[in-house]
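Enquirer: Can you read through this structure? Questions will come right after.
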Amino acid sequence: MHSDYELVDVIIALQERGFNHDFVIENEHIRCLQYNELIAPDDFEIMETHHCECCKKYKNGSLLYAIRLMNYDVKGILMSNYQSYLKGMSMQLWAKFDHELRNGQREMIGKDLMKITKGQDEKGI
């Protein structure tokens, strides 16, 4: 996992390398926004993961995943924050992303999740 890059720099670098589609997490799948298609966890691979500091003032960050669809010549970017792992993701999709968490920054992500969870508890969320 690459870490602590500026968000816009990572997006531009990935787009220059052909990652031109946008993906979002949608319960049990990811959705390709350009084609409005749902993609199952078994139908894509995560080629790269980048941790980006979005706003140091609030100490939040984003994870950018370079995604490649297995059966098509489609590559794109999925951007997520750590709160995505707390809600709205199926176990099958979680397992797909868990591989990246284990290989990269499990300890760092765990600490960030604890901060987010603690912040939600303090706010009564």
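Ordered as shown in the structure tokens, chains take letters A, B, and onward, while each chain numbers its residues from 1 and ligands are numbered from 1 in the order shown.
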Write out as a ChimeraX atom specification each polymer residue whose atoms come within 12 Å of A:Leu14, counting only C-alpha atoms; drop sequence neighbours fewer than 3 positions from it.
Expert: /A:7-11,17-22,47-50,64-68,75-78
Enquirer: Could the residues in this selection be saved with N, CA and C atoms as a JSON list (two decimals), in the first residue's frame?
Expert:
```
[["chain", "number", "residue", "atom", "x", "y", "z"],
["A", 7, "LEU", "N", -4.36, 13.41, -2.67],
["A", 7, "LEU", "CA", -5.44, 12.74, -3.38],
["A", 7, "LEU", "C", -5.43, 13.05, -4.87],
["A", 8, "VAL", "N", -5.36, 14.31, -5.22],
["A", 8, "VAL", "CA", -5.44, 14.70, -6.63],
["A", 8, "VAL", "C", -4.25, 14.15, -7.42],
["A", 9, "ASP", "N", -3.08, 14.11, -6.81],
["A", 9, "ASP", "CA", -1.89, 13.60, -7.50],
["A", 9, "ASP", "C", -2.03, 12.12, -7.82],
["A", 10, "VAL", "N", -2.59, 11.35, -6.89],
["A", 10, "VAL", "CA", -2.77, 9.92, -7.11],
["A", 10, "VAL", "C", -3.80, 9.68, -8.21],
["A", 11, "ILE", "N", -4.89, 10.43, -8.18],
["A", 11, "ILE", "CA", -5.94, 10.27, -9.20],
["A", 11, "ILE", "C", -5.37, 10.58, -10.58],
["A", 17, "ARG", "N", -2.33, 6.36, -16.40],
["A", 17, "ARG", "CA", -1.98, 4.96, -16.65],
["A", 17, "ARG", "C", -3.20, 4.14, -17.09],
["A", 18, "GLY", "N", -4.30, 4.81, -17.44],
["A", 18, "GLY", "CA", -5.44, 4.11, -18.02],
["A", 18, "GLY", "C", -6.55, 3.75, -17.06],
["A", 19, "PHE", "N", -6.49, 4.19, -15.82],
["A", 19, "PHE", "CA", -7.57, 3.93, -14.85],
["A", 19, "PHE", "C", -8.60, 5.04, -14.99],
["A", 20, "ASN", "N", -9.48, 4.90, -16.01],
["A", 20, "ASN", "CA", -10.36, 5.99, -16.43],
["A", 20, "ASN", "C", -11.81, 5.84, -16.00],
["A", 21, "HIS", "N", -12.15, 4.77, -15.33],
["A", 21, "HIS", "CA", -13.54, 4.57, -14.90],
["A", 21, "HIS", "C", -13.65, 4.81, -13.40],
["A", 22, "ASP", "N", -14.86, 5.08, -12.96],
["A", 22, "ASP", "CA", -15.12, 5.35, -11.55],
["A", 22, "ASP", "C", -15.98, 4.23, -10.98],
["A", 47, "MET", "N", -5.52, -3.80, -8.04],
["A", 47, "MET", "CA", -4.14, -3.79, -8.52],
["A", 47, "MET", "C", -3.23, -2.95, -7.63],
["A", 48, "GLU", "N", -3.74, -1.88, -7.06],
["A", 48, "GLU", "CA", -2.97, -1.00, -6.19],
["A", 48, "GLU", "C", -3.89, -0.41, -5.14],
["A", 49, "THR", "N", -3.29, -0.03, -4.02],
["A", 49, "THR", "CA", -4.02, 0.66, -2.97],
["A", 49, "THR", "C", -3.18, 1.86, -2.54],
["A", 50, "HIS", "N", -3.84, 3.00, -2.38],
["A", 50, "HIS", "CA", -3.15, 4.23, -1.97],
["A", 50, "HIS", "C", -3.89, 4.86, -0.81],
["A", 64, "LEU", "N", -7.64, 4.89, -2.01],
["A", 64, "LEU", "CA", -7.90, 4.81, -3.44],
["A", 64, "LEU", "C", -7.44, 3.44, -3.90],
["A", 65, "TYR", "N", -8.34, 2.74, -4.58],
["A", 65, "TYR", "CA", -8.03, 1.42, -5.12],
["A", 65, "TYR", "C", -7.99, 1.51, -6.64],
["A", 66, "ALA", "N", -6.92, 1.00, -7.22],
["A", 66, "ALA", "CA", -6.84, 0.85, -8.67],
["A", 66, "ALA", "C", -7.48, -0.50, -8.99],
["A", 67, "ILE", "N", -8.59, -0.48, -9.70],
["A", 67, "ILE", "CA", -9.42, -1.66, -9.95],
["A", 67, "ILE", "C", -9.30, -2.07, -11.42],
["A", 68, "ARG", "N", -9.25, -3.38, -11.65],
["A", 68, "ARG", "CA", -9.29, -3.91, -13.02],
["A", 68, "ARG", "C", -10.36, -4.99, -13.05],
["A", 75, "LYS", "N", -10.41, -0.48, -16.54],
["A", 75, "LYS", "CA", -9.68, -0.17, -15.32],
["A", 75, "LYS", "C", -10.21, 1.14, -14.78],
["A", 76, "GLY", "N", -10.22, 1.26, -13.47],
["A", 76, "GLY", "CA", -10.72, 2.49, -12.88],
["A", 76, "GLY", "C", -10.31, 2.65, -11.44],
["A", 77, "ILE", "N", -10.91, 3.63, -10.79],
["A", 77, "ILE", "CA", -10.57, 4.02, -9.44],
["A", 77, "ILE", "C", -11.79, 3.89, -8.54],
["A", 78, "LEU", "N", -11.58, 3.29, -7.39],
["A", 78, "LEU", "CA", -12.59, 3.25, -6.35],
["A", 78, "LEU", "C", -12.02, 4.02, -5.17]]
```
Enquirer: Using only C-alpha atoms, which residue out of A:Met89, A:Lys96, A:His51, A:Glu16 lies closest to A:Glu28?
Expert: A:Met89
Enquirer: Ranking A:His29, A:Met70, A:Ala13, A:Val24 by minimum distance to A:Phe44 and counting only C-alpha atoms, which one comes first?
Expert: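 Closest candidate: A:Met70.
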Enquirer: Work out how far apart atom CA of A:Leu93 and atom CA of A:Ser80 are and give it in Å to one decimal.
Expert: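 Computing the Euclidean distance for atom CA of A:Leu93 and atom CA of A:Ser80 yields 13.2 Å.
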